[in-house]
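What follows is the content of data02.tsv, which has TSV, C-alpha atoms:
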chain	number	residue	atom	x	y	z
W	1	MET	CA	152.70	-23.35	124.37
W	2	SER	CA	153.43	-26.84	123.00
W	3	VAL	CA	152.02	-25.84	119.60
W	4	CYS	CA	154.60	-23.07	119.34
W	5	LEU	CA	157.42	-25.49	120.15
W	6	LEU	CA	156.27	-27.99	117.56
W	7	ALA	CA	155.89	-25.31	114.93
W	8	SER	CA	159.40	-24.03	115.57
W	9	CYS	CA	160.87	-27.51	114.98
W	10	ALA	CA	159.56	-27.59	111.42
W	11	SER	CA	161.66	-25.94	108.75
W	12	SER	CA	160.44	-23.11	106.55
W	13	ASP	CA	160.03	-25.53	103.60
W	14	GLY	CA	157.82	-27.84	105.66
W	15	LEU	CA	160.38	-30.66	105.97
W	16	SER	CA	161.42	-32.19	109.25
W	17	ARG	CA	165.07	-32.46	110.22
W	18	HIS	CA	165.02	-36.16	109.29
W	19	GLU	CA	163.47	-35.42	105.88
W	20	ARG	CA	166.09	-32.69	105.19
W	21	ARG	CA	168.88	-35.13	106.12
W	22	LEU	CA	167.46	-37.78	103.77
W	23	GLN	CA	167.10	-35.19	101.01
W	24	LYS	CA	170.73	-34.10	101.51
W	25	GLN	CA	171.90	-37.74	101.39
W	26	THR	CA	169.98	-38.25	98.14
W	27	HIS	CA	171.52	-35.12	96.60
W	28	ILE	CA	175.02	-36.24	97.58
W	29	ARG	CA	174.45	-39.79	96.31
W	30	GLU	CA	173.19	-38.44	92.96
W	31	ALA	CA	176.04	-35.91	92.67
W	32	LEU	CA	178.62	-38.64	93.27
W	33	ALA	CA	176.93	-40.95	90.74
W	34	ASN	CA	176.77	-38.14	88.15
W	35	ARG	CA	180.38	-37.13	88.84
W	36	HIS	CA	179.39	-33.53	89.43
W	37	TYR	CA	180.31	-32.28	92.92
W	38	THR	CA	182.65	-30.01	94.88
W	39	ILE	CA	184.44	-30.74	98.12
W	40	ASN	CA	185.24	-27.60	100.10
W	41	VAL	CA	188.20	-28.29	102.35
W	42	THR	CA	188.68	-26.83	105.82
W	43	SER	CA	191.97	-28.37	106.96
W	44	ALA	CA	195.17	-29.79	105.49
W	45	HIS	CA	197.12	-32.69	106.97
W	46	PRO	CA	200.68	-32.75	105.58
W	47	LEU	CA	202.59	-35.99	106.02
W	48	GLY	CA	204.58	-35.83	109.27
W	49	ARG	CA	203.45	-32.31	110.13
W	50	PRO	CA	200.69	-30.80	112.29
W	51	THR	CA	197.21	-30.13	110.92
W	52	ILE	CA	196.75	-26.74	109.26
W	53	MET	CA	193.33	-25.07	109.52
W	54	LEU	CA	192.51	-23.25	106.28
W	55	SER	CA	190.92	-19.81	106.30
W	56	THR	CA	190.78	-19.46	102.50
W	57	LEU	CA	188.20	-21.40	100.50
W	58	TYR	CA	189.99	-24.31	98.82
W	59	SER	CA	188.21	-27.04	96.92
W	60	LEU	CA	188.33	-30.11	94.73
W	61	GLU	CA	185.73	-30.19	92.00
W	62	VAL	CA	184.71	-33.06	89.73
W	63	ARG	CA	182.83	-32.10	86.56
W	64	GLY	CA	182.27	-35.29	84.60
W	65	ASP	CA	185.67	-36.18	83.14
W	66	THR	CA	187.38	-33.01	84.43
W	67	LEU	CA	189.04	-32.43	87.80
W	68	VAL	CA	189.55	-28.90	89.13
W	69	SER	CA	192.05	-29.02	91.96
W	70	TYR	CA	192.41	-25.82	93.96
W	71	LEU	CA	194.24	-27.09	97.03
W	72	PRO	CA	197.23	-25.80	99.01
W	73	TYR	CA	200.34	-27.92	99.28
W	74	TYR	CA	202.50	-28.24	102.38
W	75	GLY	CA	205.26	-30.80	102.26
W	76	ARG	CA	208.44	-31.92	100.58
W	77	ALA	CA	208.91	-31.71	96.83
W	78	TYR	CA	211.49	-33.90	95.12
W	79	ASN	CA	211.63	-32.69	91.55
W	80	ILE	CA	209.49	-29.73	90.54
W	81	PRO	CA	209.66	-26.97	87.92
W	82	TYR	CA	211.58	-23.79	88.65
W	83	GLY	CA	209.42	-21.45	90.75
W	84	GLY	CA	207.47	-24.24	92.43
W	85	GLY	CA	205.16	-25.24	89.61
W	86	LYS	CA	201.40	-25.64	89.87
W	87	GLY	CA	201.37	-27.91	92.90
W	88	LEU	CA	197.73	-28.87	93.47
W	89	ASN	CA	196.26	-25.90	91.55
W	90	PHE	CA	195.26	-27.10	88.10
W	91	THR	CA	192.47	-28.35	85.87
W	92	GLY	CA	192.98	-31.72	84.21
W	93	ILE	CA	191.27	-34.55	82.38
W	94	ILE	CA	190.60	-37.59	84.57
W	95	ASP	CA	192.38	-40.75	83.34
W	96	GLU	CA	190.91	-43.12	85.94
W	97	TYR	CA	187.76	-42.83	88.05
W	98	GLU	CA	186.45	-45.54	90.35
W	99	ASP	CA	183.62	-45.14	92.87
W	100	VAL	CA	183.14	-47.99	95.34
W	101	VAL	CA	180.48	-48.03	98.07
W	102	VAL	CA	182.50	-49.29	101.04
W	103	ARG	CA	179.47	-49.50	103.33
W	104	PRO	CA	176.05	-47.86	103.20
W	105	GLY	CA	176.52	-44.10	103.08
W	106	GLU	CA	180.30	-44.22	102.46
W	107	HIS	CA	181.91	-43.89	99.02
W	108	ARG	CA	185.60	-44.41	98.27
W	109	ILE	CA	186.50	-42.67	95.03
W	110	ARG	CA	189.85	-43.07	93.30
W	111	ILE	CA	190.73	-40.42	90.73
W	112	GLY	CA	193.91	-40.70	88.68
W	113	LEU	CA	195.36	-38.16	86.28
W	114	THR	CA	198.62	-36.94	84.85
W	115	ASN	CA	199.69	-33.49	83.67
W	116	GLU	CA	203.00	-32.07	82.44
W	117	GLU	CA	204.20	-31.66	86.02
W	118	ASP	CA	203.29	-34.87	87.87
W	119	THR	CA	201.09	-37.96	88.23
W	120	TYR	CA	198.32	-37.70	90.83
W	121	VAL	CA	196.06	-40.14	92.62
W	122	TYR	CA	193.25	-38.55	94.63
W	123	THR	CA	191.47	-40.87	97.04
W	124	VAL	CA	188.23	-39.31	98.20
W	125	THR	CA	186.16	-40.76	101.02
W	126	ALA	CA	182.75	-39.11	100.81
W	127	PHE	CA	179.99	-39.74	103.29
W	128	GLU	CA	176.37	-39.17	102.35
W	129	SER	CA	176.10	-37.08	105.52
W	130	GLY	CA	178.29	-34.53	103.72
W	131	SER	CA	181.70	-34.95	105.38
W	132	SER	CA	184.67	-35.95	103.27
W	133	THR	CA	188.40	-36.63	103.29
W	134	ILE	CA	190.83	-36.34	100.39
W	135	SER	CA	194.22	-37.98	100.21
W	136	VAL	CA	196.56	-36.97	97.38
W	137	TRP	CA	199.49	-39.11	96.29
W	138	MET	CA	202.02	-37.65	93.82
W	139	ARG	CA	205.29	-38.93	92.37
W	140	GLN	CA	207.22	-35.68	92.86
W	141	ARG	CA	205.89	-34.59	96.26
W	142	THR	CA	205.04	-36.19	99.60
W	143	GLU	CA	201.45	-37.22	100.26
W	144	ILE	CA	198.96	-34.80	101.80
W	145	SER	CA	195.37	-35.16	102.95
W	146	PHE	CA	192.47	-32.81	103.57
W	147	THR	CA	189.13	-32.79	105.39
W	148	GLY	CA	186.05	-30.97	104.23
W	149	ALA	CA	182.45	-31.26	103.10
W	150	VAL	CA	180.69	-32.25	99.89
W	151	ASP	CA	178.79	-29.40	98.24
W	152	THR	CA	176.36	-30.52	95.53
W	153	LYS	CA	175.26	-26.97	94.64
W	154	GLU	CA	171.61	-27.86	95.16

Can you turn what I pasted into structure tokens?
Amino acid sequence: MSVCLLASCASSDGLSRHERRLQKQTHIREALANRHYTINVTSAHPLGRPTIMLSTLYSLEVRGDTLVSYLPYYGRAYNIPYGGGKGLNFTGIIDEYEDVVVRPGEHRIRIGLTNEEDTYVYTVTAFESGSSTISVWMRQRTEISFTGAVDTKE
């Protein structure tokens, strides 16, 4: 009986839960260092408004020197193009990228870029456990933040 219980605790690839967690942390650490990762967001937190749970798959992707922002925007816009503009749905070249390890297992990443519509500063807090938050500051719109998880596409 106890043999069956022990066997069921092991994963199909032969790794224990602890080993899988360490492997995931290593993948996330490497993805952040290589600047090649995706953060899939699950909720939006507009400034001064209630949290919005997202049912559609939205994400922020970093591919080297390129940022692919596919995020919803809820908030106040001050000066935007006719029709609403791109908001947070665009692909752009990163002007500034800084990754600081705040404490073991926690990275604070600052990504700055400008396009024809606005200037953006994304502040990403990524934990090696996989969870993440994104805060987006813009000149022409109020700030918004998101929660989600890092996907390294292992």

Contact table stretch 48-150 of chain W vs stretch 37-42 of chain W, cut-off 10 Å, shortest pair per residue, all atoms listed in the file, as CSV:
residue,atom,partner,partner_atom,distance
W:Ile52,CA,W:Thr42,CA,8.8
W:Met53,CA,W:Thr42,CA,6.2
W:Leu54,CA,W:Thr42,CA,5.3
W:Ser55,CA,W:Thr42,CA,7.4
W:Thr56,CA,W:Thr42,CA,8.4
W:Leu57,CA,W:Asn40,CA,6.9
W:Tyr58,CA,W:Val41,CA,5.6
W:Ser59,CA,W:Asn40,CA,4.4
W:Leu60,CA,W:Ile39,CA,5.2
W:Glu61,CA,W:Thr38,CA,4.2
W:Val62,CA,W:Tyr37,CA,5.5
W:Arg63,CA,W:Tyr37,CA,6.8
W:Gly64,CA,W:Tyr37,CA,9.1
W:Leu67,CA,W:Thr38,CA,9.8
W:Val68,CA,W:Thr38,CA,9.1
W:Ser69,CA,W:Thr38,CA,9.9
W:Tyr70,CA,W:Asn40,CA,9.6
W:Leu71,CA,W:Val41,CA,8.1
W:Pro72,CA,W:Val41,CA,9.9
W:Val124,CA,W:Ile39,CA,9.4
W:Ala126,CA,W:Ile39,CA,9.0
W:Gly130,CA,W:Ile39,CA,9.1
W:Ser131,CA,W:Ile39,CA,8.8
W:Ser132,CA,W:Ile39,CA,7.3
W:Thr133,CA,W:Val41,CA,8.4
W:Ile134,CA,W:Val41,CA,8.7
W:Ser145,CA,W:Val41,CA,9.9
W:Phe146,CA,W:Val41,CA,6.3
W:Thr147,CA,W:Val41,CA,5.5
W:Gly148,CA,W:Val41,CA,3.9
W:Ala149,CA,W:Ile39,CA,5.4
W:Val150,CA,W:Ile39,CA,4.4

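For stretch 99-102 of chain W, the set of protein, DNA and RNA residues having any atom at most 12 Å away, when counting all atoms listed in the file and skipping those fewer than 6 positions along the same chain, is Arg29, Ala31, Leu32, Ala33, Asn34, Arg35, Arg108, Ile109, Arg110, Ile111, Gly112, Tyr122, Thr123, Val124, Thr125, Ala126, Phe127 and Glu128 of chain W.
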
Counting all atoms listed in the file, figure out which residue out of W:Asp65, W:Leu88, W:Gly75, W:Ile28 gets nearest to W:Pro50.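 Checking each of W:Asp65, W:Leu88, W:Gly75, W:Ile28 against W:Pro50, counting all atoms listed in the file, the winner is W:Gly75.
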
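Look at W:Gly84: the protein and nucleic acid residues within 12 Å of it, using all atoms listed in the file and passing over chain neighbours fewer than 3 places away, are Tyr73, Tyr74, Arg76, Ala77, Tyr78, Asn79, Ile80, Pro81, Gly87, Leu88, Asn89, Glu117, Gln140 and Arg141 of chain W.
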
Store the residues picked out above, limited to C-alpha atoms, as a compact mmCIF listing (two decimals), in the coordinates of the input.
# COMPACT_ATOMS: atom_id res chain seq x y z
CA TYR W 73 200.34 -27.92 99.28
CA TYR W 74 202.50 -28.24 102.38
CA ARG W 76 208.44 -31.92 100.58
CA ALA W 77 208.91 -31.71 96.83
CA TYR W 78 211.49 -33.90 95.12
CA ASN W 79 211.63 -32.69 91.55
CA ILE W 80 209.49 -29.73 90.54
CA PRO W 81 209.66 -26.97 87.92
CA GLY W 87 201.37 -27.91 92.90
CA LEU W 88 197.73 -28.87 93.47
CA ASN W 89 196.26 -25.90 91.55
CA GLU W 117 204.20 -31.66 86.02
CA GLN W 140 207.22 -35.68 92.86
CA ARG W 141 205.89 -34.59 96.26

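Each of W:Asp151, W:Pro46, W:Gly14, W:Glu98 was checked against W:Ser129 using only C-alpha atoms; the smallest atom-to-atom distance is that of W:Asp151.
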
For W:Trp137, the nearest of the candidates W:Asp95, W:His27, W:Leu113, W:Thr152, counting all atoms listed in the file: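 Closest candidate: W:Leu113.
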